[in-house]
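Participant: Mind looking over this structure? Questions follow.
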Amino acid sequence: MRIVTDGKAAMEKAVLALGMFDGVHIGHQVLLQRAKVLAERSHAPLVACTFTGHPLAQIAPERCPPALTTFQERAALLEKAGVDLLFAQPFTEEMRQMPPEVYVGEMVRRFHPTDVVCGYNHTFGKGGAGTSAFLAALGDALGFRTEVVPQVTLDGEEVSSSVIRAALKEGRLQHAN
């Protein structure tokens, strides 16, 4: 797997998986498995698009959750999940102010995606204004398919980084695992 953190990556064709991927938990794995299937079907590399650090560290540091994994651990888990390119950008003030359609336009110009896969609660762009529905509409206009992975549950409970963090904070390691 190639790792790009300087923003200098481009491809003729790709399948994009969007997310923070902190912990690369079961929910992320479901999303990545679906993206991998689409990449194989399209004969295109799988690109995980994320940030080097959590956006809340820039937006509201007092609300930024502790990381479940280091960047290196996250990269290793993404590689194990079949990611071909990890495109991780620093979350800057410029990124924070970027309108959602500009963010997607940049991804389209850079990677020419056939498909983009995100979670049901994925947001992007200035103020988190971009949603999975907005991404699907942009995909229709810009020529890529959007697949939204629904909420993943295990034993009736949502699988998310927030739920895992809460379990760890309460000392419920087995539940977190």
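Going through the structure tokens in order, the chains are called A, B, and so on, while each chain numbers its residues from 1 and the ligands are numbered from 1 in the order shown.
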For the interface of region 31-140 of chain A with region 155-160 of chain A (cut-off 12 Å, counting only C-alpha atoms), please tabulate each contacting residue of region 31-140 of chain A alongside its nearest pair of atoms and their separation in Å to one decimal, rows sorted by chain and increasing number, as a tab-separated table.

Facilitator:
residue	atom	partner	partner_atom	distance
A:Leu68	CA	A:Ser160	CA	11.1
A:Gly119	CA	A:Ser160	CA	10.7
A:Tyr120	CA	A:Ser160	CA	11.7
A:Asn121	CA	A:Ser160	CA	10.6

Participant: Any chance you could list, as a PDB file with C-alpha atoms, in the first residue's frame, the residues in chain A that come up strand (DSSP E or B) when DSSP is run on the backbone?

Facilitator:
ATOM      1  CA  ARG A   2       1.217   3.467  -0.860  1.00  0.00           C
ATOM      2  CA  ILE A   3       0.715   6.240   1.705  1.00  0.00           C
ATOM      3  CA  VAL A   4       0.414   9.864   0.586  1.00  0.00           C
ATOM      4  CA  ALA A  14     -10.135   4.649  -8.625  1.00  0.00           C
ATOM      5  CA  VAL A  15     -12.761   3.613  -6.119  1.00  0.00           C
ATOM      6  CA  LEU A  16     -12.789   5.927  -3.111  1.00  0.00           C
ATOM      7  CA  ALA A  17     -13.605   4.960   0.459  1.00  0.00           C
ATOM      8  CA  LEU A  18     -14.266   8.055   2.581  1.00  0.00           C
ATOM      9  CA  LEU A  46      -8.986   1.261  -3.828  1.00  0.00           C
ATOM     10  CA  VAL A  47      -8.148   4.644  -2.296  1.00  0.00           C
ATOM     11  CA  ALA A  48      -8.963   5.394   1.342  1.00  0.00           C
ATOM     12  CA  CYS A  49      -9.430   9.171   1.685  1.00  0.00           C
ATOM     13  CA  THR A  50      -9.003  10.423   5.219  1.00  0.00           C
ATOM     14  CA  PHE A  51      -7.163  12.933   7.372  1.00  0.00           C
ATOM     15  CA  LEU A  85      -3.519   3.959  -1.593  1.00  0.00           C
ATOM     16  CA  LEU A  86      -3.992   5.733   1.710  1.00  0.00           C
ATOM     17  CA  PHE A  87      -4.583   9.393   0.862  1.00  0.00           C
ATOM     18  CA  ALA A  88      -4.398  11.200   4.196  1.00  0.00           C
ATOM     19  CA  GLN A  89      -4.419  14.980   4.257  1.00  0.00           C
ATOM     20  CA  PRO A 113     -13.615   7.719  -9.283  1.00  0.00           C
ATOM     21  CA  THR A 114     -15.962   5.150 -10.741  1.00  0.00           C
ATOM     22  CA  ASP A 115     -17.484   4.685  -7.289  1.00  0.00           C
ATOM     23  CA  VAL A 116     -17.367   6.449  -3.929  1.00  0.00           C
ATOM     24  CA  VAL A 117     -18.294   4.582  -0.752  1.00  0.00           C
ATOM     25  CA  CYS A 118     -19.083   6.262   2.557  1.00  0.00           C
ATOM     26  CA  GLY A 119     -20.977   5.582   5.748  1.00  0.00           C
ATOM     27  CA  PHE A 124     -17.659  16.664   4.673  1.00  0.00           C
ATOM     28  CA  GLY A 130     -21.931  17.707   2.726  1.00  0.00           C
ATOM     29  CA  ARG A 145     -21.735   5.996  -8.396  1.00  0.00           C
ATOM     30  CA  THR A 146     -22.169   6.582  -4.681  1.00  0.00           C
ATOM     31  CA  GLU A 147     -22.755   3.733  -2.293  1.00  0.00           C
ATOM     32  CA  VAL A 148     -23.793   4.543   1.249  1.00  0.00           C
ATOM     33  CA  VAL A 149     -23.136   1.831   3.809  1.00  0.00           C
ATOM     34  CA  THR A 153     -24.814  -3.241  14.360  1.00  0.00           C
ATOM     35  CA  LEU A 154     -23.487  -6.130  16.405  1.00  0.00           C
ATOM     36  CA  GLU A 157     -25.835  -2.228  19.176  1.00  0.00           C
ATOM     37  CA  GLU A 158     -24.336   0.295  16.764  1.00  0.00           C
TER      38      GLU A 158
END

Participant: Between A:Val24, A:Leu78, A:Leu56, A:Val108, which residue has the minimum interatomic distance to Asn177 (chain A), considering only C-alpha atoms?

Facilitator: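 The answer is A:Val24, which sits nearest to Asn177 (chain A).
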
Participant: Please extract the residues of region 17-155 of chain A with a backbone DSSP assignment of alpha helix (DSSP H) and present them as an MDAnalysis selection string.

Facilitator: chainID A and resid 26:42 56:59 71:80 93:97 100:111 132:142

Participant: Store the residues of this selection in a file with C-alpha atoms, as a PDB file, in the first residue's frame.

Facilitator:
ATOM      1  CA  ILE A  26     -16.136  -3.712  12.093  1.00  0.00           C
ATOM      2  CA  GLY A  27     -18.225  -0.875  10.643  1.00  0.00           C
ATOM      3  CA  HIS A  28     -15.217   0.446   8.742  1.00  0.00           C
ATOM      4  CA  GLN A  29     -14.352  -3.068   7.621  1.00  0.00           C
ATOM      5  CA  VAL A  30     -17.835  -3.521   6.115  1.00  0.00           C
ATOM      6  CA  LEU A  31     -17.406  -0.240   4.213  1.00  0.00           C
ATOM      7  CA  LEU A  32     -13.912  -1.193   3.026  1.00  0.00           C
ATOM      8  CA  GLN A  33     -15.032  -4.681   1.954  1.00  0.00           C
ATOM      9  CA  ARG A  34     -17.774  -3.158  -0.169  1.00  0.00           C
ATOM     10  CA  ALA A  35     -15.349  -0.652  -1.676  1.00  0.00           C
ATOM     11  CA  LYS A  36     -12.878  -3.470  -2.413  1.00  0.00           C
ATOM     12  CA  VAL A  37     -15.574  -5.422  -4.286  1.00  0.00           C
ATOM     13  CA  LEU A  38     -16.368  -2.350  -6.368  1.00  0.00           C
ATOM     14  CA  ALA A  39     -12.660  -1.722  -7.031  1.00  0.00           C
ATOM     15  CA  GLU A  40     -12.159  -5.285  -8.221  1.00  0.00           C
ATOM     16  CA  ARG A  41     -15.261  -5.050 -10.402  1.00  0.00           C
ATOM     17  CA  SER A  42     -13.993  -1.793 -11.947  1.00  0.00           C
ATOM     18  CA  LEU A  56     -12.133  18.243  15.647  1.00  0.00           C
ATOM     19  CA  ALA A  57      -8.541  18.855  16.757  1.00  0.00           C
ATOM     20  CA  GLN A  58      -8.715  21.943  14.506  1.00  0.00           C
ATOM     21  CA  ILE A  59     -12.409  22.822  14.864  1.00  0.00           C
ATOM     22  CA  PHE A  71      -1.704   6.860  12.261  1.00  0.00           C
ATOM     23  CA  GLN A  72       0.764   4.001  11.683  1.00  0.00           C
ATOM     24  CA  GLU A  73      -1.634   1.450  13.203  1.00  0.00           C
ATOM     25  CA  ARG A  74      -4.496   2.830  11.129  1.00  0.00           C
ATOM     26  CA  ALA A  75      -2.359   2.569   7.984  1.00  0.00           C
ATOM     27  CA  ALA A  76      -1.477  -1.061   8.750  1.00  0.00           C
ATOM     28  CA  LEU A  77      -5.139  -1.942   9.341  1.00  0.00           C
ATOM     29  CA  LEU A  78      -6.185  -0.224   6.105  1.00  0.00           C
ATOM     30  CA  GLU A  79      -3.506  -2.104   4.196  1.00  0.00           C
ATOM     31  CA  LYS A  80      -4.753  -5.372   5.701  1.00  0.00           C
ATOM     32  CA  GLU A  93      -8.069  25.876   7.977  1.00  0.00           C
ATOM     33  CA  GLU A  94      -8.319  25.818   4.178  1.00  0.00           C
ATOM     34  CA  MET A  95      -9.949  22.365   4.349  1.00  0.00           C
ATOM     35  CA  ARG A  96     -12.237  23.566   7.120  1.00  0.00           C
ATOM     36  CA  GLN A  97     -13.549  26.383   4.923  1.00  0.00           C
ATOM     37  CA  PRO A 100     -18.506  20.366   0.055  1.00  0.00           C
ATOM     38  CA  GLU A 101     -18.863  20.591  -3.732  1.00  0.00           C
ATOM     39  CA  VAL A 102     -15.297  21.932  -4.024  1.00  0.00           C
ATOM     40  CA  TYR A 103     -13.974  19.080  -1.872  1.00  0.00           C
ATOM     41  CA  VAL A 104     -15.710  16.498  -4.068  1.00  0.00           C
ATOM     42  CA  GLY A 105     -14.584  18.313  -7.221  1.00  0.00           C
ATOM     43  CA  GLU A 106     -10.984  18.061  -6.021  1.00  0.00           C
ATOM     44  CA  MET A 107     -11.373  14.326  -5.396  1.00  0.00           C
ATOM     45  CA  VAL A 108     -12.923  13.831  -8.847  1.00  0.00           C
ATOM     46  CA  ARG A 109     -10.144  15.771 -10.615  1.00  0.00           C
ATOM     47  CA  ARG A 110      -7.489  13.920  -8.649  1.00  0.00           C
ATOM     48  CA  PHE A 111      -8.795  10.322  -8.732  1.00  0.00           C
ATOM     49  CA  SER A 132     -24.124  11.129   1.859  1.00  0.00           C
ATOM     50  CA  ALA A 133     -27.275  12.229  -0.030  1.00  0.00           C
ATOM     51  CA  PHE A 134     -25.467  15.331  -1.307  1.00  0.00           C
ATOM     52  CA  LEU A 135     -22.535  13.125  -2.352  1.00  0.00           C
ATOM     53  CA  ALA A 136     -24.904  10.862  -4.292  1.00  0.00           C
ATOM     54  CA  ALA A 137     -26.382  13.879  -6.096  1.00  0.00           C
ATOM     55  CA  LEU A 138     -22.900  15.131  -6.954  1.00  0.00           C
ATOM     56  CA  GLY A 139     -21.990  11.658  -8.170  1.00  0.00           C
ATOM     57  CA  ASP A 140     -24.949  11.662 -10.529  1.00  0.00           C
ATOM     58  CA  ALA A 141     -23.805  15.024 -11.910  1.00  0.00           C
ATOM     59  CA  LEU A 142     -20.081  14.222 -12.021  1.00  0.00           C
TER      60      LEU A 142
END

Participant: With only C-alpha atoms as the basis for distance, which of A:Ala60, A:Glu12, A:Leu173, A:Asp22 is at the shortest distance from His43 (chain A)?

Facilitator: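 For His43 (chain A), the nearest of the candidates is A:Glu12.
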
Participant: Take CA of His54 (chain A) and CA of Lys126 (chain A) and report the distance between them in Å, one decimal.

Facilitator: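 Between CA of His54 (chain A) and CA of Lys126 (chain A) the gap works out to 14.9 Å.
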
Participant: For the atom pair CA of Ala167 (chain A) and CA of Gln151 (chain A), what is the interatomic distance in Å to one decimal place?

Facilitator: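 Taking CA of Ala167 (chain A) and CA of Gln151 (chain A), their separation equals 18.4 Å.
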
Participant: For CA of Thr52 (chain A) and CA of Met20 (chain A), quote the distance in Å rounded to one decimal.

Facilitator: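 CA of Met20 (chain A) lies 8.7 Å from CA of Thr52 (chain A).
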
Participant: When distances are computed from only C-alpha atoms, which of A:Pro150, A:Pro99, A:Pro90, A:Pro55 shows the smallest separation from Ala67 (chain A)?

Facilitator: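 Between A:Pro150, A:Pro99, A:Pro90, A:Pro55, the residue approaching Ala67 (chain A) most closely is A:Pro55.
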